[in-house]
Amino acid sequence: MVSTGSTQRVSTGSITGGFDYAPAPESRAIVDIKPSYGLFVNGEFVDGAGASFKTINPATEEVLAEIAEANAADVDAAVRAARRAYARVWSKMPGKERAKYLFRIARILQERARELAVLESIDNGKPIKEARDVDVPVAAAHFFYYAGWADKLEYALPGNAHSGVRSLGVAAQVIPWNFPLLMLAWKIAPALAAGNTVVLKPAETTPLTALLFAEICQQADLPAGVVNIVTGAGDTGQALVGHADVDKVAFTGSTEVGKAIARTVAGTDKRVTLELGGKAANIVFDDAPLDQAIEGIVSGIFFNQGHVCCAGSRLLVQESVADEVLERLKSRMGTLRVGDPLDKNTDIGAINSAEQLARIRELSAIGEQEVAGERWSPPCELPERGFWFPPTIFTGVTQAHRIAREEIFGPVLSVLTFRTPAEAVEKANNTPYGLSAGVWTEKGSRILWMADQLRAGVVWANTFNKFDPTSPFGGYKESGYGREGGRHGLEGYLKGTE
Amino acid sequence: MARVDVRKTYKLYIGGAFPRSESGHSYEVTDSKGAFMANAALASRKDARDAVVAARKAFGGWAARTAYNRAQILYRIAEVMEDRRPQFVDAVYRCEGGSTARANKVVDEAIDRLVWYAGWADKIGQVTGSANPVAGPFFNLSTPEPTGVVAVLAPQASSLLGLVSVIAPAITTGNVVVVVSSHQRPLPAVTFAEVLATSDVPGGVVNVLTGDAATVGPWLAAHMDVNAIDLTGVAGDAELARNLEIAAADNLKRVRRAPAAETDWSTEPGLEPMTWLLETKTVWHPIGI
């Protein structure tokens with residue numbers, strides 16, 4: 001067995017029979033993190049008028065940089081810059097020219113992919129293999145996809161091919177910490193393609209890739225004020241979405257904050273899209289291809305440490321195969337490697353913040369008290385510093401338990417069983433959320449029937465957690481409204497000409 | 001000696017039945033010149049809640065009908081309205097004033113609007129759905145689905161054409177409706193409910209409450225089993241509209257905001273009256289052998 005000398009190692013499970021992986025760390029030399037960052041307003045980095053805060057590496061608790069906390073005056077300056085850029089430049093620029101800026105940005109994202117991936121992993125705690133293979137390439141793909149729409153907008157809203165369409169104006173965009181760069185791309189690419197300008201607030205725990213994106217905007221010679229980045233926490237976000245001169249609010253985050261935003265914009269003309277929480281059912285029938293299903297269950301809940309709004313956090317497994325599925329799931333979980341996010345072999349990285357870790361621990365403790373079944377994690381040596389939580393499953397969970405109802409946003413899976421397809425549907429839909437669902441069965445007609453019955457915006461059948469710029473994503477019910485991705489994603493940034 | 005006419009107290013339409021208001025309250029409806037026309041039931045909080053229960057019960061079945069079948073039923077409503085033209089013309093003329101020629105035109109437009117929407121039932125999915133060319137071996141299809149139970153505050157001035165223009169898009173797309181009629185001009189809504197009851201529209205798909213949107217609206221806006229609310233009927237009352245929108249945020253209802261002034265209902269509506277009530281569902285499946 002190779003001695004690694006690293007504390008951030010985890011012994012592997014039974015399959016490798018005691019062999020261990022050598023560490024394969026990605027070099028962080030490629031990123032250049034400055035000691036402090038200002039706000040990106042009107043094409044330049046400026047000092048904020050407010051306080052500042054620190055962003056840390058959740059895997060080590062090392063302070064990465066000091067970040068300006070935008071106050072109301074800073075937000076106002078950013079909105080004014082966006083308004084000026086909208087009125088003077090961006091709304092007047094022909095779509096085919098706007099498109100070229102977006103294509104440029106897409107290319108630069110690809111060229112600087114490794115730098116972005118490493119920075120994302122350091123600031124967020126996610127495994128480098130996910131930042132490298134998902135976050136960054138899909139972000140670039142979003143810009144590439146929407147770039148092509150910029151000069152074809154009259155085809156984007158059905159019924160407006162002759163009368164034309166218009167952009168909305170200034171978009172206020174607030175994004176979460178789970179996919180910092182990817183959520184930025186989901187927000188900024190369609191907004192700019194449609195001809196809007198933006199003020200975007202990244203999450204307070206993960207501002208660094210958004211600030212690097214600001215540099216990329218400079219590199220692309222994007223006209224000043226078209227993209228503005230204001231860093232900060234909840235107060236900054238409130239100042240932004242409540243600003244009288246924004247025409248559009250786009251938010252991804254918790255359902256609680258989403259409701260507060262819906263109240264804030266009530267009575268205004270602001271258009272709103274909300275992409276909020278979820279408690280997805282991942283439904284496994286007895287005829288499912290079990291090898292794939294196990295992989296789907298694992299990626300459904302442990303991808304990105306379970307910090308995924310559409311995570312398959314409720315496993316609904318048909319009673320007749322429940323024992324077999326559980327046994328295989330546990331065996332597979334034993335091979336998951338928790339530890340250094342920059343290690344290319346790592347499957348599960350760090351929990352993004354102390355606050356989130358506390359929430360996962362709290363709900364897991366409640367689960368332990370409530371459920372009659374078992375709380376189980378594979379043997380797992382967690383690093384001493386940083387924020388960590390082992391992949392965990394709860395068996396014997398029922399619909400009434402809090403861990404089956406509340407979004408945990410961590411690597412915690414509740415296992416429930418069902419007997420009939422109707423019961424599976426009933427349980428899957430028994431939630432105020434409706435973002436996503438998974439179905440595993442080899443029977444095609446059953447897949448389509450289930451897909452019809454499930455009240456969720458995305459249904460993954462015999463797959464899970466797949467995303468694509470062409471594919472609309474968003475929820476039913478309290479998972480929010482509006483869609484991101486595809487032609488539908490433009491609808492939130494355009495209006496028909498009356 | 002002149003015959004004494006039979007004065008009628010109209011009732012609500014909930015779950016396919018015509019109950020009186022649970023509160024027992026009714027109110028006098030007068031024509032555009034102030035003369036007594038009839039009594040109408042004054043819908044209460046309990047009536048609103050009963051209507052939501054009836055609508056929820058009807059939702060699954062209505063949404064599961066084929067689009068072709070919903071189209072047929074929408075067209076059937078138009079047929080039955082055509083049968084009862086004189087009654088509608090009279091109700092519109094007396095409620096809204098103007099000339100009988102205008103009332104005739106309004107009824108024409110209301111019937112034609114139903115026919116227009118009937119045609120949409122099996123086309124809206126083709127216009128708003130998509131096959132998505134994802135970068136991988138996946139079948140990827142986005143289709144619109146109804147959002148669920150829709151509370152509709154119907155327009156106050158346009159008591160028939162406006163009413164039809166807010167109900168039809170919702171049911172065409174597979175949603176179910178609890179509608180609060182024009183407060184001062186409820187009789188076309190009552191007659192329309194009688195048409196619905198005889199047009200193959202399953203009970204509960206459209207529930208008609210007569211009364212005051214300002215009193216019933218807040219209960220519907222705050223109701224946790226309502227998925228969307230159309231505030232058209234409180235056009236011009238910005239404060240009430242704002243409060244209803246705030247209440248609607250409790251379960252993130254889809255909200256159609258009230259316009260500053262009532263819409264011109266004679267123009268072709270476009271897709272928006274349907275699309276705001278549609279959820280896009282995207283289904284992924286791997287492609288392989």
# chains A, B, ... in the order shown; residues from 1 in each chain; ligands from 1
$ closest_atom_pairs --of "chain B" --to "chain A" --cutoff "8 Å" --atoms "only C-alpha atoms" --output "tab-separated table"
residue	atom	partner	partner_atom	distance
B:Val127	CA	A:Pro158	CA	6.7
B:Thr128	CA	A:Pro158	CA	7.2
B:Asn132	CA	A:Ser471	CA	5.7
B:Pro133	CA	A:Thr470	CA	6.4
B:Val134	CA	A:Asp468	CA	5.8
B:Ala135	CA	A:Asp468	CA	7.0
B:Asn140	CA	A:Ser471	CA	7.4
B:Ser142	CA	A:Pro472	CA	7.2
B:Thr147	CA	A:Tyr476	CA	7.5
B:Asn227	CA	A:Lys477	CA	7.0
B:Ala238	CA	A:Gly267	CA	6.9
B:Glu239	CA	A:Gly267	CA	7.7
B:Ala241	CA	A:Gly267	CA	6.6
B:Arg242	CA	A:Gly267	CA	4.3
B:Asn243	CA	A:Ala266	CA	7.6
B:Glu245	CA	A:Ala266	CA	5.4
B:Ile246	CA	A:Arg263	CA	4.7
B:Ala247	CA	A:Arg263	CA	7.9
B:Ala249	CA	A:Lys259	CA	5.4
B:Asp250	CA	A:Lys259	CA	6.6
B:Asn251	CA	A:Glu478	CA	6.0
B:Leu252	CA	A:Glu478	CA	5.6
B:Lys253	CA	A:Lys477	CA	7.3
B:Arg254	CA	A:Tyr481	CA	7.3
B:Arg257	CA	A:Gly267	CA	7.9
B:Gly270	CA	A:Gly159	CA	7.4
B:Leu271	CA	A:Gly159	CA	7.6
B:Glu279	CA	A:Tyr476	CA	6.6
B:Thr280	CA	A:Gly457	CA	6.1
B:Lys281	CA	A:Gly457	CA	4.4
B:Thr282	CA	A:Val458	CA	4.7
B:Val283	CA	A:Val459	CA	4.7
B:Trp284	CA	A:Trp460	CA	4.9
B:His285	CA	A:Ala461	CA	5.1
B:Pro286	CA	A:Asn462	CA	6.9
$ residues_around --residues "A:Pro390" --least-positions-apart "6" --cutoff "10 Å" --atoms "only C-alpha atoms" --output "list in words"
Phe302, Gln305, Met333, Leu336, Arg337, Val338, Gly339, Ile348, Gly349, Ala350, Ile351, Trp376, Ser377, Pro378, Pro379, Cys380, Glu381, Leu382, Gly410, Pro411 and Val412 of chain A
$ residues_around --residues "B:Glu268" --least-positions-apart "6" --cutoff "12 Å" --atoms "only C-alpha atoms" --output "list in words"
Gly159 and Glu498 of chain A; Glu109, Ala110, Asp112, Arg113, Leu114, Trp116, Tyr117, Leu161 and Ser165 of chain B
$ residues_around --residues "B:Val206" --least-positions-apart "6" --cutoff "8 Å" --atoms "only C-alpha atoms" --output "PyMOL selection string"
chain B and resi 14-15+55+167+171+176-179+196
$ residues_around --residues "B:Val195" --least-positions-apart "2" --cutoff "7 Å" --atoms "only C-alpha atoms" --output "number ranges by chain"
B: 77, 80-81, 191-193, 197-199
$ closest_residue --among "A:Ala191, A:Ile128, A:Leu276, A:Glu120" --to "A:Tyr146" --atoms "only C-alpha atoms"
A:Ala191
$ select_by_dssp --residues "stretch 123-222 of chain B" --states "strand (DSSP E or B)" --output "PyMOL selection string"
chain B and resi 130-131+138-146+149-153+176-180+206-209
$ residues_around --residues "B:Ala189" --least-positions-apart "5" --cutoff "9 Å" --atoms "only C-alpha atoms" --output "tab-separated table (two decimals) with C-alpha atoms, in the first residue's frame"
chain	number	residue	atom	x	y	z
B	159	SER	CA	-68.45	40.73	-18.22
B	160	LEU	CA	-68.62	38.14	-21.00
B	163	LEU	CA	-64.56	36.50	-18.77
B	164	VAL	CA	-64.24	34.05	-21.65
B	181	SER	CA	-66.85	37.11	-11.88
B	182	SER	CA	-67.29	40.81	-12.40
B	194	GLU	CA	-75.06	27.17	-17.09
B	208	VAL	CA	-67.69	30.30	-10.95
B	209	LEU	CA	-67.98	32.52	-7.91
B	210	THR	CA	-70.03	35.69	-8.09
$ select_by_dssp --residues "stretch 148-307 of chain A" --states "alpha helix (DSSP H)" --output "ChimeraX atom specification"
/A:180-193,208-219,234-241,255-264,290-302
$ atom_distance --atom1 "atom CA of A:Lys34" --atom2 "atom CA of A:Ile67"
10.0 Å
$ residues_around --residues "A:Val246" --least-positions-apart "5" --cutoff "9 Å" --atoms "only C-alpha atoms" --output "number ranges by chain"
A: 79, 83, 169-172, 240-241, 270
$ decode --residues "stretch 194-235 of chain B" --atoms "N, CA and C atoms" --output "mmCIF file, in the first residue's frame"
data_model
loop_
_atom_site.group_PDB
_atom_site.id
_atom_site.type_symbol
_atom_site.label_atom_id
_atom_site.label_comp_id
_atom_site.auth_asym_id
_atom_site.auth_seq_id
_atom_site.Cartn_x
_atom_site.Cartn_y
_atom_site.Cartn_z
ATOM 1 N N GLU B 194 -74.001 28.085 -16.648
ATOM 2 C CA GLU B 194 -75.062 27.167 -17.090
ATOM 3 C C GLU B 194 -74.702 26.505 -18.419
ATOM 4 N N VAL B 195 -74.012 27.256 -19.261
ATOM 5 C CA VAL B 195 -73.521 26.684 -20.519
ATOM 6 C C VAL B 195 -72.484 25.597 -20.233
ATOM 7 N N LEU B 196 -71.555 25.909 -19.320
ATOM 8 C CA LEU B 196 -70.501 24.934 -18.997
ATOM 9 C C LEU B 196 -71.108 23.634 -18.480
ATOM 10 N N ALA B 197 -72.163 23.789 -17.687
ATOM 11 C CA ALA B 197 -72.776 22.611 -17.068
ATOM 12 C C ALA B 197 -73.414 21.697 -18.100
ATOM 13 N N THR B 198 -73.666 22.236 -19.291
ATOM 14 C CA THR B 198 -74.317 21.425 -20.319
ATOM 15 C C THR B 198 -73.426 21.244 -21.557
ATOM 16 N N SER B 199 -72.123 21.411 -21.375
ATOM 17 C CA SER B 199 -71.210 21.356 -22.537
ATOM 18 C C SER B 199 -70.133 20.291 -22.418
ATOM 19 N N ASP B 200 -70.322 19.271 -21.643
ATOM 20 C CA ASP B 200 -69.336 18.196 -21.489
ATOM 21 C C ASP B 200 -68.083 18.623 -20.729
ATOM 22 N N VAL B 201 -68.109 19.825 -20.150
ATOM 23 C CA VAL B 201 -66.967 20.223 -19.313
ATOM 24 C C VAL B 201 -67.130 19.512 -17.973
ATOM 25 N N PRO B 202 -66.158 18.681 -17.584
ATOM 26 C CA PRO B 202 -66.342 17.951 -16.326
ATOM 27 C C PRO B 202 -66.521 18.909 -15.144
ATOM 28 N N GLY B 203 -67.342 18.506 -14.198
ATOM 29 C CA GLY B 203 -67.556 19.313 -13.002
ATOM 30 C C GLY B 203 -66.234 19.626 -12.324
ATOM 31 N N GLY B 204 -66.084 20.849 -11.856
ATOM 32 C CA GLY B 204 -64.863 21.238 -11.141
ATOM 33 C C GLY B 204 -63.797 21.850 -12.014
ATOM 34 N N VAL B 205 -63.905 21.662 -13.341
ATOM 35 C CA VAL B 205 -62.877 22.219 -14.231
ATOM 36 C C VAL B 205 -62.976 23.751 -14.253
ATOM 37 N N VAL B 206 -64.214 24.244 -14.260
ATOM 38 C CA VAL B 206 -64.418 25.688 -14.090
ATOM 39 C C VAL B 206 -65.408 25.874 -12.954
ATOM 40 N N ASN B 207 -65.023 26.662 -11.980
ATOM 41 C CA ASN B 207 -65.897 26.970 -10.856
ATOM 42 C C ASN B 207 -66.111 28.469 -10.856
ATOM 43 N N VAL B 208 -67.384 28.884 -10.802
ATOM 44 C CA VAL B 208 -67.688 30.303 -10.951
ATOM 45 C C VAL B 208 -68.226 30.852 -9.631
ATOM 46 N N LEU B 209 -67.541 31.841 -9.111
ATOM 47 C CA LEU B 209 -67.984 32.525 -7.906
ATOM 48 C C LEU B 209 -68.429 33.919 -8.306
ATOM 49 N N THR B 210 -69.622 34.306 -7.879
ATOM 50 C CA THR B 210 -70.030 35.689 -8.092
ATOM 51 C C THR B 210 -69.770 36.441 -6.794
ATOM 52 N N GLY B 211 -69.334 37.677 -6.929
ATOM 53 C CA GLY B 211 -69.043 38.451 -5.727
ATOM 54 C C GLY B 211 -67.907 39.420 -5.959
ATOM 55 N N ASP B 212 -67.269 39.787 -4.864
ATOM 56 C CA ASP B 212 -66.314 40.881 -4.881
ATOM 57 C C ASP B 212 -64.881 40.345 -4.873
ATOM 58 N N ALA B 213 -64.149 40.656 -5.919
ATOM 59 C CA ALA B 213 -62.761 40.191 -6.001
ATOM 60 C C ALA B 213 -61.929 40.723 -4.836
ATOM 61 N N ALA B 214 -62.281 41.883 -4.327
ATOM 62 C CA ALA B 214 -61.510 42.463 -3.227
ATOM 63 C C ALA B 214 -61.683 41.665 -1.935
ATOM 64 N N THR B 215 -62.818 40.989 -1.780
ATOM 65 C CA THR B 215 -63.009 40.171 -0.574
ATOM 66 C C THR B 215 -62.582 38.722 -0.797
ATOM 67 N N VAL B 216 -62.918 38.161 -1.940
ATOM 68 C CA VAL B 216 -62.594 36.751 -2.188
ATOM 69 C C VAL B 216 -61.146 36.592 -2.656
ATOM 70 N N GLY B 217 -60.656 37.594 -3.374
ATOM 71 C CA GLY B 217 -59.307 37.527 -3.932
ATOM 72 C C GLY B 217 -58.230 37.187 -2.911
ATOM 73 N N PRO B 218 -58.211 37.864 -1.755
ATOM 74 C CA PRO B 218 -57.159 37.567 -0.774
ATOM 75 C C PRO B 218 -57.152 36.117 -0.302
ATOM 76 N N TRP B 219 -58.337 35.491 -0.182
ATOM 77 C CA TRP B 219 -58.356 34.081 0.234
ATOM 78 C C TRP B 219 -57.744 33.195 -0.844
ATOM 79 N N LEU B 220 -58.054 33.519 -2.076
ATOM 80 C CA LEU B 220 -57.498 32.711 -3.173
ATOM 81 C C LEU B 220 -56.001 32.966 -3.339
ATOM 82 N N ALA B 221 -55.596 34.217 -3.181
ATOM 83 C CA ALA B 221 -54.172 34.560 -3.351
ATOM 84 C C ALA B 221 -53.320 33.859 -2.299
ATOM 85 N N ALA B 222 -53.891 33.668 -1.102
ATOM 86 C CA ALA B 222 -53.114 33.063 -0.010
ATOM 87 C C ALA B 222 -53.312 31.555 0.071
ATOM 88 N N HIS B 223 -54.212 31.000 -0.754
ATOM 89 C CA HIS B 223 -54.537 29.573 -0.640
ATOM 90 C C HIS B 223 -53.349 28.728 -1.101
ATOM 91 N N MET B 224 -52.914 27.789 -0.251
ATOM 92 C CA MET B 224 -51.698 27.035 -0.556
ATOM 93 C C MET B 224 -51.910 25.951 -1.606
ATOM 94 N N ASP B 225 -53.166 25.688 -1.996
ATOM 95 C CA ASP B 225 -53.381 24.684 -3.038
ATOM 96 C C ASP B 225 -53.801 25.321 -4.367
ATOM 97 N N VAL B 226 -53.557 26.606 -4.484
ATOM 98 C CA VAL B 226 -53.768 27.291 -5.760
ATOM 99 C C VAL B 226 -52.390 27.520 -6.375
ATOM 100 N N ASN B 227 -52.240 27.197 -7.657
ATOM 101 C CA ASN B 227 -50.922 27.275 -8.286
ATOM 102 C C ASN B 227 -50.653 28.582 -9.025
ATOM 103 N N ALA B 228 -51.715 29.289 -9.361
ATOM 104 C CA ALA B 228 -51.515 30.508 -10.148
ATOM 105 C C ALA B 228 -52.692 31.432 -9.911
ATOM 106 N N ILE B 229 -52.443 32.728 -10.042
ATOM 107 C CA ILE B 229 -53.549 33.677 -9.886
ATOM 108 C C ILE B 229 -53.465 34.768 -10.940
ATOM 109 N N ASP B 230 -54.612 35.002 -11.575
ATOM 110 C CA ASP B 230 -54.732 36.027 -12.606
ATOM 111 C C ASP B 230 -55.420 37.236 -11.969
ATOM 112 N N LEU B 231 -54.684 38.346 -11.883
ATOM 113 C CA LEU B 231 -55.192 39.526 -11.164
ATOM 114 C C LEU B 231 -55.905 40.520 -12.078
ATOM 115 N N THR B 232 -56.196 40.095 -13.300
ATOM 116 C CA THR B 232 -56.824 40.991 -14.276
ATOM 117 C C THR B 232 -57.993 41.783 -13.697
ATOM 118 N N GLY B 233 -58.789 41.143 -12.863
ATOM 119 C CA GLY B 233 -60.017 41.769 -12.365
ATOM 120 C C GLY B 233 -59.814 42.899 -11.384
ATOM 121 N N VAL B 234 -58.591 43.091 -10.888
ATOM 122 C CA VAL B 234 -58.378 44.229 -9.992
ATOM 123 C C VAL B 234 -57.586 45.334 -10.699
ATOM 124 N N ALA B 235 -57.678 45.342 -12.028
ATOM 125 C CA ALA B 235 -57.019 46.398 -12.814
ATOM 126 C C ALA B 235 -57.398 47.759 -12.250
#
